[in-house]
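Trainee: Take this structure first; my questions come after.
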Amino acid sequence: MISFKLSELASELATVLPDCHFESDGDDPIITGVAAIDKAKAGEITFVSSSKFVSKLKDTQASAVILDQKTPSTLPCIRTTNPRILFAKVLEKFYQPPTAPLGIHPTAILGEGVQLGENVAIGAYAVIGDRTKIADNVTIFPHVTIYNDVEIGMGTTIHANCVIRDRTQIGANCIFHPNAVLGADGFGFELSPNATWYKIPQTGHVIIEDNVELGCSCAVDRPSVGVTIIHKGAKLDNFVQIAHGVTVGAHSVLAAQVGLAGGVTLGHHVVMAGQVGANDRVHVGDGAIIGGKAGITSDVPAGASMIGFPTVPEKSWKRVVIAERQLPDLLHTVRKLEKRIAELESKLAE
């Protein structure tokens, strides 16, 4: 069993978070695991992420807690100005990731001219297409299918049942969760004179830069010409749809069920909440934040905070929501005024 004294854990983590420090009235508990505040037991450390959980500190059975620099606590704690990062670092100390494949499984199929770096692991029933280049320390879990002429950078992990289409280029230290599909045909059809849909060949390819993470069942499509590109450090949640020719800026974050139509461009550090949709070819500027279920129909300036359909500035949207809640009372008042006006007009007419 992995265990640390809380003070030792704090000292070790202070090497990566310099303001991290141990605080206690004297107790220095042995920490054997991490748990949620309402599930934690003796020996475990918990985490308070917002003020609404502070009240639960008095009832938790945890032996210690991760906190910001201000929240009071009677429990021994580790404090930092970045408690969520600290929490992640603590989880890394105790979490044992699933066992990765070792070497090349005998049921894996490798095409002609495949190039493998050092310490590559390929799981059962994976299929690797011709001329694919796989760099050092890549891990490919079972039932992954990789087409021809794909390039995969060092340290990348591809989980079970992912499909990587031909000529896709993948950077270093990426993570693709199960069932992600990269490089499938973009949705390109043109109505023919005979009223049938003619398929436009999708001859482009997909580029995924370093440190990109794709959630389960993400789809990143290739365009008819050119590239679809996800720049370094971007993080996509489950069921995100990236259409043909889209550009996702560096370190952008897209929550579940975001859908970007063809040719959309996102600047760097864009944040999109769940179920946001964007019309084709709109541009979202650097650092913009888009609220959940928003529909983007026109360009969004850098740094803007937008929500609604069609999107409007967040402050305007809140005013609209407040006004909508007042509509029944407003309607009642208007009817009273109409009645009063009718009465006055009747008296004037006499």
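Letters for chains follow the order of the structure tokens (A, B, ...), residue numbers begin at 1 for each chain, and ligand numbers begin at 1 in the order shown.
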List the spatial neighbours of range 120-128 of chain A as a PDB file with N, CA and C atoms, in the first residue's frame - criterion: any atom at most 12 Å away, only C-alpha atoms, same-chain residues fewer than 2 positions off excluded.
Mentor:
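New file around.pdb:
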ATOM      1  N   THR A  99      -3.084  -1.274 -16.598  1.00  0.00           N
ATOM      2  CA  THR A  99      -1.882  -1.890 -17.153  1.00  0.00           C
ATOM      3  C   THR A  99      -1.877  -1.747 -18.675  1.00  0.00           C
ATOM      4  N   ALA A 100      -0.836  -1.166 -19.182  1.00  0.00           N
ATOM      5  CA  ALA A 100      -0.715  -0.979 -20.631  1.00  0.00           C
ATOM      6  C   ALA A 100      -0.217  -2.265 -21.278  1.00  0.00           C
ATOM      7  N   PRO A 101      -0.472  -2.407 -22.580  1.00  0.00           N
ATOM      8  CA  PRO A 101       0.102  -3.560 -23.284  1.00  0.00           C
ATOM      9  C   PRO A 101       1.624  -3.564 -23.186  1.00  0.00           C
ATOM     10  N   LEU A 102       2.196  -4.736 -23.241  1.00  0.00           N
ATOM     11  CA  LEU A 102       3.656  -4.872 -23.215  1.00  0.00           C
ATOM     12  C   LEU A 102       4.115  -5.441 -24.547  1.00  0.00           C
ATOM     13  N   GLY A 103       4.998  -4.737 -25.223  1.00  0.00           N
ATOM     14  CA  GLY A 103       5.508  -5.219 -26.491  1.00  0.00           C
ATOM     15  C   GLY A 103       4.421  -5.296 -27.551  1.00  0.00           C
ATOM     16  N   ILE A 104       4.627  -6.138 -28.543  1.00  0.00           N
ATOM     17  CA  ILE A 104       3.694  -6.298 -29.650  1.00  0.00           C
ATOM     18  C   ILE A 104       2.917  -7.599 -29.443  1.00  0.00           C
ATOM     19  N   HIS A 105       1.614  -7.488 -29.233  1.00  0.00           N
ATOM     20  CA  HIS A 105       0.810  -8.692 -29.008  1.00  0.00           C
ATOM     21  C   HIS A 105       0.816  -9.564 -30.266  1.00  0.00           C
ATOM     22  N   PRO A 106       0.846 -10.875 -30.109  1.00  0.00           N
ATOM     23  CA  PRO A 106       0.928 -11.746 -31.298  1.00  0.00           C
ATOM     24  C   PRO A 106      -0.272 -11.643 -32.230  1.00  0.00           C
ATOM     25  N   THR A 107      -1.393 -11.166 -31.741  1.00  0.00           N
ATOM     26  CA  THR A 107      -2.557 -11.031 -32.626  1.00  0.00           C
ATOM     27  C   THR A 107      -2.592  -9.694 -33.364  1.00  0.00           C
ATOM     28  N   ALA A 108      -1.689  -8.776 -33.022  1.00  0.00           N
ATOM     29  CA  ALA A 108      -1.636  -7.492 -33.725  1.00  0.00           C
ATOM     30  C   ALA A 108      -1.156  -7.714 -35.158  1.00  0.00           C
ATOM     31  N   ILE A 109      -1.694  -6.909 -36.076  1.00  0.00           N
ATOM     32  CA  ILE A 109      -1.322  -7.035 -37.488  1.00  0.00           C
ATOM     33  C   ILE A 109      -0.625  -5.758 -37.920  1.00  0.00           C
ATOM     34  N   LEU A 110       0.609  -5.884 -38.395  1.00  0.00           N
ATOM     35  CA  LEU A 110       1.390  -4.739 -38.858  1.00  0.00           C
ATOM     36  C   LEU A 110       1.575  -4.834 -40.368  1.00  0.00           C
ATOM     37  N   GLY A 111       1.275  -3.732 -41.069  1.00  0.00           N
ATOM     38  CA  GLY A 111       1.396  -3.711 -42.519  1.00  0.00           C
ATOM     39  C   GLY A 111       2.845  -3.616 -42.967  1.00  0.00           C
ATOM     40  N   GLU A 112       2.995  -3.436 -44.252  1.00  0.00           N
ATOM     41  CA  GLU A 112       4.327  -3.350 -44.834  1.00  0.00           C
ATOM     42  C   GLU A 112       4.952  -1.985 -44.539  1.00  0.00           C
ATOM     43  N   GLY A 113       6.231  -1.988 -44.250  1.00  0.00           N
ATOM     44  CA  GLY A 113       6.966  -0.747 -44.076  1.00  0.00           C
ATOM     45  C   GLY A 113       6.649   0.019 -42.807  1.00  0.00           C
ATOM     46  N   VAL A 114       6.034  -0.621 -41.830  1.00  0.00           N
ATOM     47  CA  VAL A 114       5.753   0.054 -40.558  1.00  0.00           C
ATOM     48  C   VAL A 114       7.061   0.300 -39.818  1.00  0.00           C
ATOM     49  N   GLN A 115       7.218   1.513 -39.293  1.00  0.00           N
ATOM     50  CA  GLN A 115       8.422   1.870 -38.531  1.00  0.00           C
ATOM     51  C   GLN A 115       8.054   2.054 -37.063  1.00  0.00           C
ATOM     52  N   LEU A 116       8.722   1.294 -36.191  1.00  0.00           N
ATOM     53  CA  LEU A 116       8.437   1.343 -34.763  1.00  0.00           C
ATOM     54  C   LEU A 116       9.635   1.897 -34.006  1.00  0.00           C
ATOM     55  N   GLY A 117       9.373   2.851 -33.097  1.00  0.00           N
ATOM     56  CA  GLY A 117      10.419   3.348 -32.225  1.00  0.00           C
ATOM     57  C   GLY A 117      10.668   2.394 -31.070  1.00  0.00           C
ATOM     58  N   GLU A 118      11.396   2.860 -30.083  1.00  0.00           N
ATOM     59  CA  GLU A 118      11.697   2.039 -28.915  1.00  0.00           C
ATOM     60  C   GLU A 118      10.526   2.052 -27.935  1.00  0.00           C
ATOM     61  N   ASP A 130       0.030   0.143 -43.653  1.00  0.00           N
ATOM     62  CA  ASP A 130       1.326   0.239 -44.322  1.00  0.00           C
ATOM     63  C   ASP A 130       1.967   1.611 -44.115  1.00  0.00           C
ATOM     64  N   ARG A 131       3.286   1.571 -43.992  1.00  0.00           N
ATOM     65  CA  ARG A 131       4.126   2.777 -43.947  1.00  0.00           C
ATOM     66  C   ARG A 131       3.820   3.705 -42.761  1.00  0.00           C
ATOM     67  N   THR A 132       3.128   3.206 -41.772  1.00  0.00           N
ATOM     68  CA  THR A 132       2.859   3.996 -40.570  1.00  0.00           C
ATOM     69  C   THR A 132       4.138   4.138 -39.754  1.00  0.00           C
ATOM     70  N   LYS A 133       4.339   5.350 -39.193  1.00  0.00           N
ATOM     71  CA  LYS A 133       5.524   5.624 -38.385  1.00  0.00           C
ATOM     72  C   LYS A 133       5.099   5.873 -36.937  1.00  0.00           C
ATOM     73  N   ILE A 134       5.615   5.058 -36.044  1.00  0.00           N
ATOM     74  CA  ILE A 134       5.241   5.142 -34.631  1.00  0.00           C
ATOM     75  C   ILE A 134       6.504   5.418 -33.830  1.00  0.00           C
ATOM     76  N   ALA A 135       6.524   6.539 -33.119  1.00  0.00           N
ATOM     77  CA  ALA A 135       7.723   6.964 -32.394  1.00  0.00           C
ATOM     78  C   ALA A 135       7.868   6.226 -31.061  1.00  0.00           C
ATOM     79  N   ASP A 136       8.908   6.581 -30.318  1.00  0.00           N
ATOM     80  CA  ASP A 136       9.219   5.920 -29.051  1.00  0.00           C
ATOM     81  C   ASP A 136       8.082   6.063 -28.036  1.00  0.00           C
ATOM     82  N   ASN A 137       7.933   5.016 -27.217  1.00  0.00           N
ATOM     83  CA  ASN A 137       7.052   5.041 -26.036  1.00  0.00           C
ATOM     84  C   ASN A 137       5.583   5.278 -26.368  1.00  0.00           C
ATOM     85  N   VAL A 138       5.168   4.915 -27.551  1.00  0.00           N
ATOM     86  CA  VAL A 138       3.745   4.982 -27.910  1.00  0.00           C
ATOM     87  C   VAL A 138       3.046   3.728 -27.388  1.00  0.00           C
ATOM     88  N   THR A 139       1.823   3.913 -26.852  1.00  0.00           N
ATOM     89  CA  THR A 139       1.022   2.789 -26.367  1.00  0.00           C
ATOM     90  C   THR A 139      -0.277   2.733 -27.156  1.00  0.00           C
ATOM     91  N   ILE A 140      -0.542   1.585 -27.753  1.00  0.00           N
ATOM     92  CA  ILE A 140      -1.749   1.371 -28.549  1.00  0.00           C
ATOM     93  C   ILE A 140      -2.511   0.206 -27.932  1.00  0.00           C
ATOM     94  N   PHE A 141      -3.694   0.484 -27.417  1.00  0.00           N
ATOM     95  CA  PHE A 141      -4.483  -0.533 -26.735  1.00  0.00           C
ATOM     96  C   PHE A 141      -5.203  -1.431 -27.743  1.00  0.00           C
ATOM     97  N   PRO A 142      -5.841  -2.511 -27.263  1.00  0.00           N
ATOM     98  CA  PRO A 142      -6.454  -3.486 -28.178  1.00  0.00           C
ATOM     99  C   PRO A 142      -7.511  -2.895 -29.101  1.00  0.00           C
ATOM    100  N   HIS A 143      -7.625  -3.526 -30.261  1.00  0.00           N
ATOM    101  CA  HIS A 143      -8.666  -3.251 -31.257  1.00  0.00           C
ATOM    102  C   HIS A 143      -8.580  -1.852 -31.867  1.00  0.00           C
ATOM    103  N   VAL A 144      -7.447  -1.210 -31.765  1.00  0.00           N
ATOM    104  CA  VAL A 144      -7.231   0.052 -32.480  1.00  0.00           C
ATOM    105  C   VAL A 144      -6.958  -0.260 -33.950  1.00  0.00           C
ATOM    106  N   THR A 145      -7.524   0.561 -34.829  1.00  0.00           N
ATOM    107  CA  THR A 145      -7.265   0.408 -36.259  1.00  0.00           C
ATOM    108  C   THR A 145      -6.613   1.681 -36.786  1.00  0.00           C
ATOM    109  N   ILE A 146      -5.437   1.518 -37.377  1.00  0.00           N
ATOM    110  CA  ILE A 146      -4.687   2.645 -37.924  1.00  0.00           C
ATOM    111  C   ILE A 146      -4.466   2.381 -39.413  1.00  0.00           C
ATOM    112  N   TYR A 147      -4.902   3.317 -40.252  1.00  0.00           N
ATOM    113  CA  TYR A 147      -4.785   3.154 -41.695  1.00  0.00           C
ATOM    114  C   TYR A 147      -3.352   3.436 -42.154  1.00  0.00           C
ATOM    115  N   ASN A 148      -3.168   3.491 -43.465  1.00  0.00           N
ATOM    116  CA  ASN A 148      -1.841   3.676 -44.042  1.00  0.00           C
ATOM    117  C   ASN A 148      -1.303   5.087 -43.839  1.00  0.00           C
ATOM    118  N   ASP A 149       0.021   5.182 -43.787  1.00  0.00           N
ATOM    119  CA  ASP A 149       0.741   6.462 -43.856  1.00  0.00           C
ATOM    120  C   ASP A 149       0.426   7.408 -42.697  1.00  0.00           C
ATOM    121  N   VAL A 150       0.137   6.854 -41.541  1.00  0.00           N
ATOM    122  CA  VAL A 150      -0.112   7.650 -40.337  1.00  0.00           C
ATOM    123  C   VAL A 150       1.208   7.874 -39.614  1.00  0.00           C
ATOM    124  N   GLU A 151       1.332   9.043 -38.960  1.00  0.00           N
ATOM    125  CA  GLU A 151       2.501   9.334 -38.141  1.00  0.00           C
ATOM    126  C   GLU A 151       2.050   9.617 -36.714  1.00  0.00           C
ATOM    127  N   ILE A 152       2.711   8.965 -35.749  1.00  0.00           N
ATOM    128  CA  ILE A 152       2.327   9.104 -34.342  1.00  0.00           C
ATOM    129  C   ILE A 152       3.561   9.497 -33.538  1.00  0.00           C
ATOM    130  N   GLY A 153       3.473  10.626 -32.820  1.00  0.00           N
ATOM    131  CA  GLY A 153       4.606  11.138 -32.061  1.00  0.00           C
ATOM    132  C   GLY A 153       4.854  10.396 -30.761  1.00  0.00           C
ATOM    133  N   MET A 154       6.021  10.613 -30.198  1.00  0.00           N
ATOM    134  CA  MET A 154       6.462   9.850 -29.033  1.00  0.00           C
ATOM    135  C   MET A 154       5.576  10.104 -27.814  1.00  0.00           C
ATOM    136  N   GLY A 155       5.376   9.021 -27.038  1.00  0.00           N
ATOM    137  CA  GLY A 155       4.648   9.123 -25.785  1.00  0.00           C
ATOM    138  C   GLY A 155       3.140   9.201 -25.917  1.00  0.00           C
ATOM    139  N   THR A 156       2.613   9.075 -27.108  1.00  0.00           N
ATOM    140  CA  THR A 156       1.163   9.154 -27.301  1.00  0.00           C
ATOM    141  C   THR A 156       0.497   7.841 -26.894  1.00  0.00           C
ATOM    142  N   THR A 157      -0.715   7.949 -26.330  1.00  0.00           N
ATOM    143  CA  THR A 157      -1.490   6.784 -25.914  1.00  0.00           C
ATOM    144  C   THR A 157      -2.812   6.773 -26.669  1.00  0.00           C
ATOM    145  N   ILE A 158      -3.106   5.636 -27.311  1.00  0.00           N
ATOM    146  CA  ILE A 158      -4.341   5.476 -28.084  1.00  0.00           C
ATOM    147  C   ILE A 158      -5.123   4.317 -27.479  1.00  0.00           C
ATOM    148  N   HIS A 159      -6.273   4.629 -26.913  1.00  0.00           N
ATOM    149  CA  HIS A 159      -7.049   3.616 -26.199  1.00  0.00           C
ATOM    150  C   HIS A 159      -7.896   2.776 -27.143  1.00  0.00           C
ATOM    151  N   ALA A 160      -8.515   1.764 -26.576  1.00  0.00           N
ATOM    152  CA  ALA A 160      -9.186   0.725 -27.341  1.00  0.00           C
ATOM    153  C   ALA A 160     -10.221   1.265 -28.315  1.00  0.00           C
ATOM    154  N   ASN A 161     -10.269   0.630 -29.479  1.00  0.00           N
ATOM    155  CA  ASN A 161     -11.302   0.852 -30.502  1.00  0.00           C
ATOM    156  C   ASN A 161     -11.216   2.200 -31.210  1.00  0.00           C
ATOM    157  N   CYS A 162     -10.139   2.940 -31.029  1.00  0.00           N
ATOM    158  CA  CYS A 162      -9.961   4.155 -31.826  1.00  0.00           C
ATOM    159  C   CYS A 162      -9.674   3.783 -33.279  1.00  0.00           C
ATOM    160  N   VAL A 163     -10.054   4.703 -34.178  1.00  0.00           N
ATOM    161  CA  VAL A 163      -9.769   4.522 -35.605  1.00  0.00           C
ATOM    162  C   VAL A 163      -9.036   5.759 -36.103  1.00  0.00           C
ATOM    163  N   ILE A 164      -7.860   5.534 -36.685  1.00  0.00           N
ATOM    164  CA  ILE A 164      -7.039   6.626 -37.215  1.00  0.00           C
ATOM    165  C   ILE A 164      -6.941   6.428 -38.718  1.00  0.00           C
ATOM    166  N   ARG A 165      -7.554   7.341 -39.487  1.00  0.00           N
ATOM    167  CA  ARG A 165      -7.576   7.184 -40.935  1.00  0.00           C
ATOM    168  C   ARG A 165      -6.246   7.598 -41.572  1.00  0.00           C
ATOM    169  N   ASP A 166      -6.115   7.292 -42.845  1.00  0.00           N
ATOM    170  CA  ASP A 166      -4.866   7.442 -43.585  1.00  0.00           C
ATOM    171  C   ASP A 166      -4.351   8.882 -43.566  1.00  0.00           C
TER     172      ASP A 166
END
Trainee: Could you pull the residues within 9 Å of Gly233 in chain A, counting only C-alpha atoms, minus those fewer than 6 positions along the same chain, as a PyMOL selection string?
Mentor: chain A and resi 174+209-213+249-253
Trainee: Go ahead and write the residues just picked, N, CA and C atoms, as a PDB file, in the first residue's frame.
Mentor:
ATOM      1  N   CYS A 174       0.062  12.787 -26.827  1.00  0.00           N
ATOM      2  CA  CYS A 174      -1.394  12.908 -26.958  1.00  0.00           C
ATOM      3  C   CYS A 174      -2.069  11.724 -26.267  1.00  0.00           C
ATOM      4  N   GLU A 209      -1.624  18.221 -33.005  1.00  0.00           N
ATOM      5  CA  GLU A 209      -0.326  18.613 -32.455  1.00  0.00           C
ATOM      6  C   GLU A 209      -0.094  18.004 -31.071  1.00  0.00           C
ATOM      7  N   ASP A 210       1.028  18.371 -30.453  1.00  0.00           N
ATOM      8  CA  ASP A 210       1.443  17.768 -29.181  1.00  0.00           C
ATOM      9  C   ASP A 210       0.444  18.052 -28.053  1.00  0.00           C
ATOM     10  N   ASN A 211       0.382  17.087 -27.116  1.00  0.00           N
ATOM     11  CA  ASN A 211      -0.348  17.261 -25.844  1.00  0.00           C
ATOM     12  C   ASN A 211      -1.838  17.527 -26.015  1.00  0.00           C
ATOM     13  N   VAL A 212      -2.410  16.978 -27.068  1.00  0.00           N
ATOM     14  CA  VAL A 212      -3.856  17.072 -27.280  1.00  0.00           C
ATOM     15  C   VAL A 212      -4.514  15.851 -26.645  1.00  0.00           C
ATOM     16  N   GLU A 213      -5.674  16.053 -26.006  1.00  0.00           N
ATOM     17  CA  GLU A 213      -6.442  14.942 -25.440  1.00  0.00           C
ATOM     18  C   GLU A 213      -7.843  14.958 -26.035  1.00  0.00           C
ATOM     19  N   GLY A 249      -7.716  26.203 -31.792  1.00  0.00           N
ATOM     20  CA  GLY A 249      -6.517  26.881 -31.320  1.00  0.00           C
ATOM     21  C   GLY A 249      -5.852  26.194 -30.140  1.00  0.00           C
ATOM     22  N   ALA A 250      -4.608  26.557 -29.908  1.00  0.00           N
ATOM     23  CA  ALA A 250      -3.814  25.963 -28.832  1.00  0.00           C
ATOM     24  C   ALA A 250      -4.493  26.154 -27.477  1.00  0.00           C
ATOM     25  N   HIS A 251      -4.481  25.090 -26.678  1.00  0.00           N
ATOM     26  CA  HIS A 251      -4.953  25.105 -25.284  1.00  0.00           C
ATOM     27  C   HIS A 251      -6.427  25.481 -25.162  1.00  0.00           C
ATOM     28  N   SER A 252      -7.182  25.264 -26.214  1.00  0.00           N
ATOM     29  CA  SER A 252      -8.626  25.459 -26.119  1.00  0.00           C
ATOM     30  C   SER A 252      -9.259  24.245 -25.454  1.00  0.00           C
ATOM     31  N   VAL A 253     -10.432  24.460 -24.824  1.00  0.00           N
ATOM     32  CA  VAL A 253     -11.135  23.405 -24.094  1.00  0.00           C
ATOM     33  C   VAL A 253     -12.571  23.346 -24.599  1.00  0.00           C
TER      34      VAL A 253
END
Trainee: Would you please work out which residue, of A:Ala278, A:Leu57, A:Gln69, A:His283, is nearest to Thr247 in chain A when using only C-alpha atoms?
Mentor: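 When distances to Thr247 in chain A are compared using only C-alpha atoms, the smallest one comes from A:His283.
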Trainee: Could you give me, as a count of residues only, the residues within 9 Å of range 29-40 of chain A, counting only C-alpha atoms and dropping anything in the same chain fewer than 2 positions from it?
Mentor: 33
Trainee: Where does range 238-288 of chain A meet range 305-309 of chain A within 10 Å, residue by residue, with the nearest atom pair and distance in Å to one decimal for each, counting only C-alpha atoms, listed by chain and rising number, as CSV?
Mentor:
residue,atom,partner,partner_atom,distance
A:Val271,CA,A:Ser305,CA,9.5
A:Met272,CA,A:Met306,CA,9.7
A:Ala273,CA,A:Ile307,CA,9.7
A:Val276,CA,A:Ile307,CA,9.1
A:Gly277,CA,A:Phe309,CA,9.4
A:Gly287,CA,A:Ser305,CA,9.0
A:Ala288,CA,A:Ser305,CA,5.9
Trainee: Identify, on the basis of only C-alpha atoms, every residue whose closest approach to Val54 in chain A does not exceed 9 Å; exclude the query and any residue fewer than 3 positions from it along the same chain; express the result as a PyMOL selection string.
Mentor: chain A and resi 48-51+57-58+71-73
Trainee: Export N, CA, C and O atoms of the chosen residues as a PDB file, in the first residue's frame?
Mentor:
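The result, written out as result33.pdb:
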ATOM      1  N   VAL A  48     -11.367  20.378  -1.030  1.00  0.00           N
ATOM      2  CA  VAL A  48     -12.465  21.336  -1.076  1.00  0.00           C
ATOM      3  C   VAL A  48     -12.235  22.251  -2.272  1.00  0.00           C
ATOM      4  O   VAL A  48     -11.268  23.020  -2.308  1.00  0.00           O
ATOM      5  N   SER A  49     -13.143  22.152  -3.253  1.00  0.00           N
ATOM      6  CA  SER A  49     -12.947  22.870  -4.514  1.00  0.00           C
ATOM      7  C   SER A  49     -13.677  24.200  -4.571  1.00  0.00           C
ATOM      8  O   SER A  49     -13.364  25.042  -5.394  1.00  0.00           O
ATOM      9  N   SER A  50     -14.698  24.394  -3.709  1.00  0.00           N
ATOM     10  CA  SER A  50     -15.433  25.648  -3.718  1.00  0.00           C
ATOM     11  C   SER A  50     -16.059  25.887  -2.355  1.00  0.00           C
ATOM     12  O   SER A  50     -16.124  24.983  -1.513  1.00  0.00           O
ATOM     13  N   SER A  51     -16.544  27.101  -2.136  1.00  0.00           N
ATOM     14  CA  SER A  51     -17.072  27.492  -0.837  1.00  0.00           C
ATOM     15  C   SER A  51     -18.283  26.657  -0.423  1.00  0.00           C
ATOM     16  O   SER A  51     -18.538  26.481   0.778  1.00  0.00           O
ATOM     17  N   LEU A  57     -16.709  20.161   5.828  1.00  0.00           N
ATOM     18  CA  LEU A  57     -15.448  19.847   6.500  1.00  0.00           C
ATOM     19  C   LEU A  57     -15.667  19.355   7.930  1.00  0.00           C
ATOM     20  O   LEU A  57     -14.939  18.485   8.415  1.00  0.00           O
ATOM     21  N   LYS A  58     -16.673  19.896   8.601  1.00  0.00           N
ATOM     22  CA  LYS A  58     -16.889  19.530  10.011  1.00  0.00           C
ATOM     23  C   LYS A  58     -17.380  18.093  10.166  1.00  0.00           C
ATOM     24  O   LYS A  58     -17.266  17.499  11.247  1.00  0.00           O
ATOM     25  N   THR A  71      -9.202  29.353   3.327  1.00  0.00           N
ATOM     26  CA  THR A  71     -10.302  28.615   3.945  1.00  0.00           C
ATOM     27  C   THR A  71      -9.885  28.025   5.287  1.00  0.00           C
ATOM     28  O   THR A  71      -8.898  27.287   5.357  1.00  0.00           O
ATOM     29  N   PRO A  72     -10.618  28.325   6.363  1.00  0.00           N
ATOM     30  CA  PRO A  72     -10.247  27.791   7.681  1.00  0.00           C
ATOM     31  C   PRO A  72     -10.495  26.292   7.766  1.00  0.00           C
ATOM     32  O   PRO A  72     -11.394  25.755   7.106  1.00  0.00           O
ATOM     33  N   SER A  73      -9.698  25.612   8.577  1.00  0.00           N
ATOM     34  CA  SER A  73      -9.861  24.166   8.739  1.00  0.00           C
ATOM     35  C   SER A  73      -9.308  23.714  10.086  1.00  0.00           C
ATOM     36  O   SER A  73      -8.243  24.174  10.510  1.00  0.00           O
TER      37      SER A  73
END
Trainee: At what distance in Å, to one decimal, does CA of Arg325 in chain A lie from CA of Leu337 in chain A?
Mentor: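 So the two atoms, CA of Leu337 in chain A and CA of Arg325 in chain A, lie 19.9 Å apart.
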Trainee: With only C-alpha atoms as the counted atoms, please give the residues lying no more than 9 Å from range 201-203 of chain A, apart from itself and same-chain residues fewer than 2 positions off, as a PDB file with C-alpha atoms, in the first residue's frame.
Mentor:
ATOM      1  CA  ALA A 184     -12.951  10.204 -41.416  1.00  0.00           C
ATOM      2  CA  ASP A 185     -14.535  11.889 -44.426  1.00  0.00           C
ATOM      3  CA  GLY A 186     -15.971  15.346 -43.871  1.00  0.00           C
ATOM      4  CA  PHE A 187     -19.688  15.766 -44.510  1.00  0.00           C
ATOM      5  CA  GLY A 188     -19.433  17.035 -48.061  1.00  0.00           C
ATOM      6  CA  PHE A 189     -22.284  16.536 -50.560  1.00  0.00           C
ATOM      7  CA  LYS A 199     -20.329  12.946 -52.621  1.00  0.00           C
ATOM      8  CA  HIS A 205      -5.995  15.046 -43.820  1.00  0.00           C
ATOM      9  CA  ARG A 222     -10.753  15.585 -42.830  1.00  0.00           C
ATOM     10  CA  PRO A 223     -11.679  18.165 -45.497  1.00  0.00           C
ATOM     11  CA  SER A 224     -12.045  17.874 -49.250  1.00  0.00           C
ATOM     12  CA  VAL A 225      -8.715  19.730 -49.578  1.00  0.00           C
ATOM     13  CA  GLY A 226      -6.261  21.075 -47.009  1.00  0.00           C
ATOM     14  CA  HIS A 244     -13.839  19.319 -42.135  1.00  0.00           C
TER      15      HIS A 244
END
Trainee: Check range 91-311 of chain A with DSSP on the backbone and list each residue it calls strand (DSSP E), as a PyMOL selection string.
Mentor: chain A and resi 109-110+115-116+121-122+127-128+133-134+139-140+145-146+151-152+157-158+163-164+169-170+175-176+181-185+189-191+197-199+205-208+213-214+219-222+227-230+235-236+241-242+247-248+253-254+259-260+265-266+271-272+277-278+283-284+289-290+295-296+305-307
Trainee: In Å, with one decimal, what is the gap from CA of Ala88 in chain A to CA of Val16 in chain A?
Mentor: 12.0 Å
Trainee: To one decimal in Å, tell me the separation between CA of Lys293 in chain A and CA of Glu190 in chain A.
Mentor: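 For CA of Lys293 in chain A relative to CA of Glu190 in chain A, the distance reads 28.8 Å.
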Trainee: Rank nothing, just name the residue among A:Ser298, A:Asn173, A:Thr15, A:Gln96 nearest to Lys232 in chain A, using only C-alpha atoms.
Mentor: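 Among the listed residues, A:Asn173 lies closest to Lys232 in chain A.
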Trainee: List every residue of range 18-215 of chain A that DSSP, applied to the backbone of this structure, places in alpha helix (DSSP H), and write the result as a list of chain:residue names.
Mentor: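 Alpha helix (DSSP H) members of range 18-215 of chain A, listed: A:Pro83, A:Arg84, A:Ile85, A:Leu86, A:Phe87, A:Ala88, A:Lys89, A:Val90, A:Leu91, A:Glu92, A:Lys93, A:Phe94.
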Trainee: Using only C-alpha atoms, can you tell me which of A:Asp329, A:Gly267, A:Ser11, A:Cys77 comes closest to Asp28 in chain A?
Mentor: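 Comparing A:Asp329, A:Gly267, A:Ser11, A:Cys77 against Asp28 in chain A, the winner is A:Cys77.
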